[in-house]
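Undergrad: Coordinates in upload21.cif, mmCIF, C-alpha atoms and all ligand atoms, are listed below.
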```cif
data_work
loop_
_atom_site.group_PDB
_atom_site.id
_atom_site.type_symbol
_atom_site.label_atom_id
_atom_site.label_comp_id
_atom_site.auth_asym_id
_atom_site.auth_seq_id
_atom_site.Cartn_x
_atom_site.Cartn_y
_atom_site.Cartn_z
ATOM 1 C CA MET A 742 -52.392 12.771 -125.590
ATOM 2 C CA PHE A 743 -52.806 9.097 -124.572
ATOM 3 C CA TRP A 744 -54.979 8.152 -121.634
ATOM 4 C CA LYS A 745 -54.298 4.933 -119.819
ATOM 5 C CA LYS A 746 -57.360 2.690 -119.775
ATOM 6 C CA THR A 747 -58.316 1.772 -116.249
ATOM 7 C CA GLN A 748 -60.785 -0.847 -115.119
ATOM 8 C CA ALA A 749 -63.986 0.324 -113.481
ATOM 9 C CA PRO A 750 -63.579 -0.230 -109.759
ATOM 10 C CA ALA A 751 -65.344 -3.333 -108.453
ATOM 11 C CA ILE A 752 -68.311 -2.517 -106.286
ATOM 12 C CA PRO A 753 -67.002 -2.560 -102.743
ATOM 13 C CA SER A 754 -68.230 -5.532 -100.860
ATOM 14 C CA ARG A 755 -69.838 -3.299 -98.224
ATOM 15 C CA ASP A 756 -72.466 -2.471 -100.846
ATOM 16 C CA ILE A 757 -73.088 -6.172 -101.337
ATOM 17 C CA VAL A 758 -73.245 -6.734 -97.577
ATOM 18 C CA ARG A 759 -75.773 -3.909 -97.235
ATOM 19 C CA HIS A 760 -77.811 -5.275 -100.129
ATOM 20 C CA PHE A 761 -78.095 -8.732 -98.557
ATOM 21 C CA ASN A 762 -78.635 -7.470 -95.014
ATOM 22 C CA GLU A 763 -81.613 -5.528 -96.361
ATOM 23 C CA ALA A 764 -82.727 -8.447 -98.523
ATOM 24 C CA ALA A 765 -83.037 -10.632 -95.421
ATOM 25 C CA ALA A 766 -86.348 -8.865 -94.646
ATOM 26 C CA ASP A 767 -87.710 -10.051 -98.020
ATOM 27 C CA GLU A 768 -88.955 -13.535 -97.158
ATOM 28 C CA GLU A 769 -90.672 -13.942 -100.517
ATOM 29 C CA ASN A 770 -87.489 -13.675 -102.577
ATOM 30 C CA PHE A 771 -85.072 -14.894 -99.896
ATOM 31 C CA PRO A 772 -87.026 -17.673 -98.183
ATOM 32 C CA SER A 773 -85.832 -19.423 -95.041
ATOM 33 C CA THR A 774 -87.259 -22.787 -96.078
ATOM 34 C CA ILE A 775 -87.242 -24.894 -99.234
ATOM 35 C CA ASP A 776 -89.394 -27.823 -100.323
ATOM 36 C CA PRO A 777 -87.044 -30.801 -99.866
ATOM 37 C CA ARG A 778 -88.484 -32.414 -103.004
ATOM 38 C CA ILE A 779 -86.941 -29.679 -105.173
ATOM 39 C CA TYR A 780 -84.227 -31.297 -107.263
ATOM 40 C CA HIS A 781 -81.586 -28.748 -106.207
ATOM 41 C CA VAL A 782 -81.908 -30.187 -102.688
ATOM 42 C CA GLN A 783 -82.191 -33.771 -103.882
ATOM 43 C CA LEU A 784 -79.037 -33.491 -105.971
ATOM 44 C CA ILE A 785 -77.039 -32.217 -102.996
ATOM 45 C CA LEU A 786 -78.385 -35.031 -100.816
ATOM 46 C CA GLU A 787 -77.666 -37.615 -103.540
ATOM 47 C CA TYR A 788 -74.148 -36.470 -104.332
ATOM 48 C CA LEU A 789 -72.987 -35.841 -100.768
ATOM 49 C CA GLY A 790 -74.415 -39.120 -99.442
ATOM 50 C CA ASP A 791 -74.795 -40.020 -95.758
ATOM 51 C CA LEU A 792 -73.863 -36.901 -93.802
ATOM 52 C CA ASN A 793 -74.154 -38.263 -90.277
ATOM 53 C CA ALA A 794 -70.954 -37.489 -88.359
ATOM 54 C CA LYS A 795 -69.720 -35.518 -91.397
ATOM 55 C CA ARG A 796 -68.615 -31.888 -91.446
ATOM 56 C CA VAL A 797 -70.526 -29.930 -94.056
ATOM 57 C CA LEU A 798 -70.132 -26.316 -95.165
ATOM 58 C CA ASP A 799 -72.947 -24.304 -96.788
ATOM 59 C CA VAL A 800 -71.115 -21.489 -98.575
ATOM 60 C CA GLY A 801 -73.196 -18.306 -98.863
ATOM 61 C CA CYS A 802 -75.956 -20.053 -96.933
ATOM 62 C CA GLY A 803 -78.391 -17.125 -96.756
ATOM 63 C CA LYS A 804 -81.066 -18.098 -94.247
ATOM 64 C CA GLY A 805 -79.867 -21.705 -94.267
ATOM 65 C CA ARG A 806 -82.827 -23.201 -96.122
ATOM 66 C CA PHE A 807 -80.699 -25.994 -97.626
ATOM 67 C CA ALA A 808 -78.824 -26.609 -94.364
ATOM 68 C CA ARG A 809 -82.188 -26.900 -92.578
ATOM 69 C CA VAL A 810 -83.179 -29.861 -94.774
ATOM 70 C CA LEU A 811 -79.773 -31.521 -94.418
ATOM 71 C CA ALA A 812 -79.793 -31.103 -90.629
ATOM 72 C CA GLU A 813 -83.290 -32.606 -90.360
ATOM 73 C CA ARG A 814 -82.283 -35.533 -92.554
ATOM 74 C CA TYR A 815 -78.937 -36.085 -90.800
ATOM 75 C CA PRO A 816 -79.220 -35.076 -87.129
ATOM 76 C CA ARG A 817 -75.652 -36.212 -86.413
ATOM 77 C CA ALA A 818 -74.108 -34.089 -89.183
ATOM 78 C CA PHE A 819 -72.042 -31.080 -88.152
ATOM 79 C CA ILE A 820 -73.262 -28.368 -90.530
ATOM 80 C CA VAL A 821 -71.942 -24.816 -90.734
ATOM 81 C CA GLY A 822 -73.541 -22.052 -92.798
ATOM 82 C CA LEU A 823 -71.323 -19.145 -93.800
ATOM 83 C CA ASP A 824 -72.654 -15.876 -95.152
ATOM 84 C CA LEU A 825 -71.587 -12.299 -95.626
ATOM 85 C CA ALA A 826 -74.875 -10.898 -94.294
ATOM 86 C CA GLU A 827 -75.474 -11.252 -90.565
ATOM 87 C CA ALA A 828 -79.173 -10.470 -91.004
ATOM 88 C CA MET A 829 -79.443 -13.633 -93.130
ATOM 89 C CA LEU A 830 -77.627 -15.670 -90.499
ATOM 90 C CA HIS A 831 -80.209 -14.761 -87.827
ATOM 91 C CA HIS A 832 -82.587 -17.144 -89.642
ATOM 92 C CA VAL A 833 -80.221 -20.109 -89.748
ATOM 93 C CA PRO A 834 -81.965 -22.910 -87.839
ATOM 94 C CA ALA A 835 -80.872 -24.187 -84.453
ATOM 95 C CA GLY A 836 -78.469 -27.071 -84.848
ATOM 96 C CA VAL A 837 -76.677 -25.449 -87.791
ATOM 97 C CA GLY A 838 -73.579 -23.360 -87.010
ATOM 98 C CA ALA A 839 -73.772 -19.796 -88.330
ATOM 99 C CA CYS A 840 -70.585 -18.055 -89.344
ATOM 100 C CA ALA A 841 -70.208 -14.524 -90.728
ATOM 101 C CA GLY A 842 -67.512 -14.183 -93.380
ATOM 102 C CA SER A 843 -66.720 -14.060 -97.060
ATOM 103 C CA MET A 844 -66.478 -17.080 -99.288
ATOM 104 C CA THR A 845 -63.415 -15.455 -100.844
ATOM 105 C CA ALA A 846 -61.469 -15.827 -97.570
ATOM 106 C CA LEU A 847 -63.017 -18.653 -95.587
ATOM 107 C CA PRO A 848 -62.164 -18.538 -91.870
ATOM 108 C CA PHE A 849 -61.487 -22.289 -91.647
ATOM 109 C CA PRO A 850 -58.358 -24.453 -91.775
ATOM 110 C CA SER A 851 -57.621 -26.428 -94.940
ATOM 111 C CA GLY A 852 -59.309 -29.811 -95.324
ATOM 112 C CA VAL A 853 -61.517 -29.422 -92.271
ATOM 113 C CA PHE A 854 -64.821 -30.216 -94.044
ATOM 114 C CA ASP A 855 -65.939 -33.496 -95.596
ATOM 115 C CA CYS A 856 -68.000 -31.617 -98.136
ATOM 116 C CA ALA A 857 -69.262 -28.196 -99.152
ATOM 117 C CA TYR A 858 -71.959 -26.753 -101.361
ATOM 118 C CA ALA A 859 -72.941 -23.323 -102.652
ATOM 119 C CA THR A 860 -76.385 -22.572 -104.049
ATOM 120 C CA GLU A 861 -76.899 -19.322 -105.961
ATOM 121 C CA SER A 862 -74.175 -17.627 -103.931
ATOM 122 C CA LEU A 863 -71.023 -17.932 -106.061
ATOM 123 C CA GLU A 864 -72.730 -15.639 -108.576
ATOM 124 C CA HIS A 865 -72.309 -12.839 -105.997
ATOM 125 C CA ALA A 866 -68.700 -13.545 -104.980
ATOM 126 C CA VAL A 867 -67.132 -11.084 -107.493
ATOM 127 C CA GLU A 868 -63.722 -12.727 -106.942
ATOM 128 C CA ILE A 869 -64.865 -15.998 -108.426
ATOM 129 C CA GLU A 870 -61.484 -17.734 -108.707
ATOM 130 C CA ALA A 871 -60.710 -16.988 -105.063
ATOM 131 C CA ALA A 872 -64.115 -18.228 -103.924
ATOM 132 C CA VAL A 873 -63.785 -21.525 -105.835
ATOM 133 C CA ALA A 874 -60.231 -21.996 -104.551
ATOM 134 C CA GLU A 875 -61.346 -21.351 -100.971
ATOM 135 C CA MET A 876 -64.268 -23.736 -101.190
ATOM 136 C CA CYS A 877 -61.934 -26.448 -102.462
ATOM 137 C CA ARG A 878 -59.226 -25.655 -99.915
ATOM 138 C CA VAL A 879 -61.444 -26.278 -96.899
ATOM 139 C CA VAL A 880 -62.691 -29.665 -98.185
ATOM 140 C CA ARG A 881 -60.503 -32.684 -97.404
ATOM 141 C CA PRO A 882 -58.981 -34.772 -100.200
ATOM 142 C CA GLY A 883 -61.676 -37.160 -101.428
ATOM 143 C CA GLY A 884 -64.417 -34.851 -100.132
ATOM 144 C CA ARG A 885 -67.195 -33.611 -102.383
ATOM 145 C CA ILE A 886 -68.351 -30.206 -103.599
ATOM 146 C CA VAL A 887 -71.591 -29.059 -105.241
ATOM 147 C CA ILE A 888 -72.137 -25.675 -106.847
ATOM 148 C CA ILE A 889 -75.568 -24.741 -108.168
ATOM 149 C CA ASP A 890 -75.767 -21.489 -110.057
ATOM 150 C CA LYS A 891 -77.101 -19.830 -113.141
ATOM 151 C CA ASN A 892 -76.053 -20.355 -116.730
ATOM 152 C CA SER A 893 -74.301 -17.471 -118.510
ATOM 153 C CA LYS A 894 -76.061 -18.499 -121.728
ATOM 154 C CA GLN A 895 -79.318 -17.410 -120.065
ATOM 155 C CA TRP A 896 -77.986 -14.014 -118.951
ATOM 156 C CA GLY A 897 -80.710 -11.352 -119.158
ATOM 157 C CA ARG A 898 -83.557 -13.658 -118.173
ATOM 158 C CA LEU A 899 -83.735 -12.199 -114.673
ATOM 159 C CA LYS A 900 -83.059 -8.832 -113.091
ATOM 160 C CA THR A 901 -79.619 -8.928 -111.507
ATOM 161 C CA PRO A 902 -77.561 -6.614 -109.326
ATOM 162 C CA GLN A 903 -74.576 -5.003 -110.996
ATOM 163 C CA TRP A 904 -71.971 -7.356 -109.496
ATOM 164 C CA GLU A 905 -73.761 -10.623 -110.285
ATOM 165 C CA LYS A 906 -72.117 -13.089 -112.657
ATOM 166 C CA TRP A 907 -73.489 -16.272 -114.230
ATOM 167 C CA PHE A 908 -71.281 -19.088 -115.453
ATOM 168 C CA GLY A 909 -70.602 -21.294 -118.428
ATOM 169 C CA ARG A 910 -70.287 -25.020 -117.766
ATOM 170 C CA LYS A 911 -66.676 -25.225 -118.971
ATOM 171 C CA GLU A 912 -65.731 -21.994 -117.206
ATOM 172 C CA LEU A 913 -66.455 -23.345 -113.730
ATOM 173 C CA GLU A 914 -65.335 -26.854 -114.614
ATOM 174 C CA LYS A 915 -61.898 -25.438 -115.442
ATOM 175 C CA LEU A 916 -61.708 -23.528 -112.166
ATOM 176 C CA LEU A 917 -62.710 -26.620 -110.190
ATOM 177 C CA GLU A 918 -60.234 -28.803 -112.112
ATOM 178 C CA ARG A 919 -57.397 -26.702 -110.694
ATOM 179 C CA HIS A 920 -58.192 -28.179 -107.283
ATOM 180 C CA CYS A 921 -60.286 -31.308 -107.822
ATOM 181 C CA ARG A 922 -59.621 -34.674 -109.468
ATOM 182 C CA LYS A 923 -63.144 -35.380 -110.712
ATOM 183 C CA VAL A 924 -65.362 -32.622 -112.091
ATOM 184 C CA SER A 925 -68.623 -32.698 -114.026
ATOM 185 C CA SER A 926 -71.559 -30.414 -114.703
ATOM 186 C CA ARG A 927 -75.116 -30.664 -115.951
ATOM 187 C CA PRO A 928 -78.254 -28.595 -116.450
ATOM 188 C CA ILE A 929 -80.839 -29.101 -113.721
ATOM 189 C CA SER A 930 -84.426 -28.062 -113.138
ATOM 190 C CA TYR A 931 -86.447 -27.606 -109.957
ATOM 191 C CA TRP A 932 -88.292 -30.866 -110.482
ATOM 192 C CA GLU A 933 -86.599 -34.086 -111.475
ATOM 193 C CA ASP A 934 -89.364 -35.044 -113.925
ATOM 194 C CA VAL A 935 -89.327 -31.679 -115.734
ATOM 195 C CA ALA A 936 -86.691 -31.159 -118.447
ATOM 196 C CA PRO A 937 -84.166 -28.417 -117.510
ATOM 197 C CA ASP A 938 -84.901 -25.101 -119.205
ATOM 198 C CA GLY A 939 -81.203 -24.157 -119.142
ATOM 199 C CA LEU A 940 -81.304 -21.567 -116.348
ATOM 200 C CA PHE A 941 -79.649 -23.648 -113.634
ATOM 201 C CA LEU A 942 -76.460 -25.631 -113.819
ATOM 202 C CA ALA A 943 -74.935 -27.916 -111.219
ATOM 203 C CA TRP A 944 -71.208 -28.603 -110.902
ATOM 204 C CA LEU A 945 -70.115 -31.690 -108.996
ATOM 205 C CA ALA A 946 -66.538 -32.168 -107.903
ATOM 206 C CA GLU A 947 -64.395 -34.495 -105.852
ATOM 207 C CA ARG A 948 -61.227 -33.213 -104.223
HETATM 208 C C1 LIG B 1001 -79.339 -15.597 -103.557
HETATM 209 S S1 LIG B 1001 -78.777 -15.784 -101.894
HETATM 210 C C2 LIG B 1001 -78.694 -17.574 -101.773
HETATM 211 C C3 LIG B 1001 -78.688 -18.028 -100.338
HETATM 212 C C4 LIG B 1001 -78.724 -19.546 -100.127
HETATM 213 N N1 LIG B 1001 -77.563 -20.189 -100.670
HETATM 214 C C5 LIG B 1001 -79.983 -20.139 -100.682
HETATM 215 O O1 LIG B 1001 -79.948 -20.806 -101.721
HETATM 216 O O2 LIG B 1001 -81.025 -19.909 -100.067
HETATM 217 C C6 LIG B 1001 -77.044 -15.339 -102.032
HETATM 218 C C7 LIG B 1001 -76.344 -15.329 -100.691
HETATM 219 O O3 LIG B 1001 -74.936 -15.220 -100.891
HETATM 220 C C8 LIG B 1001 -74.422 -14.383 -99.873
HETATM 221 N N2 LIG B 1001 -73.130 -13.848 -100.314
HETATM 222 C C9 LIG B 1001 -72.905 -12.963 -101.312
HETATM 223 N N3 LIG B 1001 -71.583 -12.738 -101.426
HETATM 224 C C10 LIG B 1001 -70.972 -13.493 -100.477
HETATM 225 C C11 LIG B 1001 -69.619 -13.682 -100.087
HETATM 226 N N4 LIG B 1001 -68.613 -13.053 -100.717
HETATM 227 N N5 LIG B 1001 -69.362 -14.517 -99.069
HETATM 228 C C12 LIG B 1001 -70.364 -15.159 -98.429
HETATM 229 N N6 LIG B 1001 -71.664 -15.020 -98.751
HETATM 230 C C13 LIG B 1001 -71.966 -14.199 -99.759
HETATM 231 C C14 LIG B 1001 -75.488 -13.338 -99.685
HETATM 232 O O4 LIG B 1001 -75.385 -12.654 -98.475
HETATM 233 C C15 LIG B 1001 -76.761 -14.173 -99.802
HETATM 234 O O5 LIG B 1001 -77.199 -14.643 -98.550
#
```
Can you dump the structure from the file as structure tokens?
TA:
Amino acid sequence: MFWKKTQAPAIPSRDIVRHFNEAAADEENFPSTIDPRIYHVQLILEYLGDLNAKRVLDVGCGKGRFARVLAERYPRAFIVGLDLAEAMLHHVPAGVGACAGSMTALPFPSGVFDCAYATESLEHAVEIEAAVAEMCRVVRPGGRIVIIDKNSKQWGRLKTPQWEKWFGRKELEKLLERHCRKVSSRPISYWEDVAPDGLFLAWLAER
């Protein structure tokens, strides 16, 4: 007798929501602030440029630690943080819009943002192609996108939940190229003067 091979069911997103709602209480591993000198922040600031009067989306913002720095630096920017976990959103600072939702189906019209970034959140999206497409959809033509996430070549270095996925440089470049005219990627480290150890990659794209 032949048995049809079936794929293991994807973990329902309610498990992921529960995981991150609980994780919000863990300030050590899910901090609400970040040292603005950390290169992950600096790269976003550098690549996105002057954000005053710009509409900016933080995709999978967590507690909004990146958005906090951007909002302090650019008080006239209109910044929205979107996250699946409402308990994370309670920590998003005043002056930053907080929106509950999934990055795989963003509740915004096309082209409404000048730029968007996602830091260590795409790795949890499960439907990666949809999440990249959505992030690109909501950014206007000519607008910029930054994704910072972990390198699939380093898989195993950290403990990860079952649904987490890390990415190869070309893999995400190809997905971004479906929607963007200019795409590049590079290894980055926390500190600009320390050589990258290969764990983090940054993808930069222009719609
Ligand atoms: C490791 S945290 C990073 C948070 C933030 N970007 C930062 O760097 O501080 C991952 C975040 O992605 C969020 N997340 C996971 N899947 C998501 C989805 N499908 N849509 C929106 N947010 C999601 C989680 O709730 C969590 O807050």
Undergrad: Given the file above and the PyMOL selection byres (((chain A and resi 927) around 6) and not hetatm), which residues are selected, and can you give them as a VMD selection string?
TA: chain A and resid 926 928 942 to 943
Undergrad: With the file shown as input, list the residues that the PyMOL selection byres (((not hetatm)) within 6 of (chain B and resi 1001)) selects, as a list in words.
TA: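 This file gives the following for the PyMOL selection byres (((not hetatm)) within 6 of (chain B and resi 1001)): Phe761, Gly801, Cys802, Gly803, Arg806, Asp824, Leu825, Ala826, Met829, Gly842, Ser843, Met844, Thr845, Ala859, Thr860, Glu861, Ser862, His865 and Ala866 of chain A.
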Undergrad: Compare A:Ala841, A:Val887, A:Leu792, A:Ile757 by their minimum atom-to-atom distance to Val867 in chain A, counting only C-alpha atoms, and give me the closest one.
TA: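 Closest candidate: A:Ile757.
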Undergrad: Calculated over all atoms listed in the file, which of the candidates A:Arg759, A:Lys906, A:Arg885, A:Lys894 has the smallest distance to Leu863 in chain A?
TA: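 Comparing A:Arg759, A:Lys906, A:Arg885, A:Lys894 against Leu863 in chain A, the winner is A:Lys906.
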Undergrad: For the file shown, what are the residues hit by the PyMOL selection byres (((chain A and resi 941) around 8) and not hetatm), laid out as a CSV table (one decimal) with C-alpha atoms, keeping the file's coordinate frame?
TA:
```
chain,number,residue,atom,x,y,z
A,889,ILE,CA,-75.6,-24.7,-108.2
A,890,ASP,CA,-75.8,-21.5,-110.1
A,891,LYS,CA,-77.1,-19.8,-113.1
A,892,ASN,CA,-76.1,-20.4,-116.7
A,928,PRO,CA,-78.3,-28.6,-116.4
A,929,ILE,CA,-80.8,-29.1,-113.7
A,930,SER,CA,-84.4,-28.1,-113.1
A,937,PRO,CA,-84.2,-28.4,-117.5
A,938,ASP,CA,-84.9,-25.1,-119.2
A,939,GLY,CA,-81.2,-24.2,-119.1
A,940,LEU,CA,-81.3,-21.6,-116.3
A,942,LEU,CA,-76.5,-25.6,-113.8
A,943,ALA,CA,-74.9,-27.9,-111.2
```
Undergrad: To one decimal in Å, tell me the separation between CA of Glu947 in chain A and CA of Ile886 in chain A.
TA: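 Computing it gives 6.3 Å between the two atoms.
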Undergrad: What is the CA of Lys804 in chain A-CA of Ala946 in chain A distance in Å, reported with one decimal?
TA: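 Pair CA of Lys804 in chain A / CA of Ala946 in chain A returns 24.4 Å.
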Undergrad: With distances taken over only C-alpha atoms, which residue among A:Val758, A:Val853, A:Leu784, A:Ala872 lies nearest Leu798 in chain A?
TA: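 So, comparing all the options, the nearest one is A:Val853.
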Undergrad: What lies within 12 Å of range 919-923 of chain A using all atoms listed in the file, ignoring chain neighbours under 5 positions off, as a list in words?
TA: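 My reading of the contact set: Glu870, Ala871, Val873, Ala874, Glu875, Met876, Cys877, Arg878, Val879, Val880, Arg881, Pro882, Gly883, Gly884, Arg885, Ile886, Val887, Glu912, Leu913, Glu914, Trp944, Leu945, Ala946, Glu947 and Arg948 of chain A.
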Undergrad: Grab the CA of Val797 in chain A to CA of Phe854 in chain A distance for me, in Å with one decimal place.
TA: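 CA of Val797 in chain A sits 5.7 Å away from CA of Phe854 in chain A.
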Undergrad: Hey, can you pull every residue with an atom no more than 12 Å from (-79.5, -33.3, -85.2), using all atoms listed in the file, and send it as a VMD selection string?
TA: chain A and resid 792 to 795 808 to 820 834 to 838
Undergrad: Edge lengths and centre, in Å to one decimal, as JSON: that's what I need for the box along x, y and z that holds all listed atoms of range 886-901 of chain A plus 5 Å on each side.
TA:
```
{"center_x": -76.0, "center_y": -19.5, "center_z": -112.7, "size_x": 25.4, "size_y": 31.4, "size_z": 28.1}
```
Undergrad: For Glu763 in chain A, which of A:Glu827, A:Val833, A:Cys840, A:Tyr780 is the closest residue, counting all atoms listed in the file?
TA: A:Glu827
Undergrad: So which one's closest to Ser893 in chain A, A:Glu918, A:Ser851, A:Glu864, A:Tyr788? Using all atoms listed in the file, please.
TA: A:Glu864
Undergrad: Pick out the closest residue to Asp767 in chain A from this set: A:Ala828, A:Val800, A:Ile888, A:Pro850. Count only C-alpha atoms.
TA: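 Distance minimum relative to Asp767 in chain A lands on A:Ala828.
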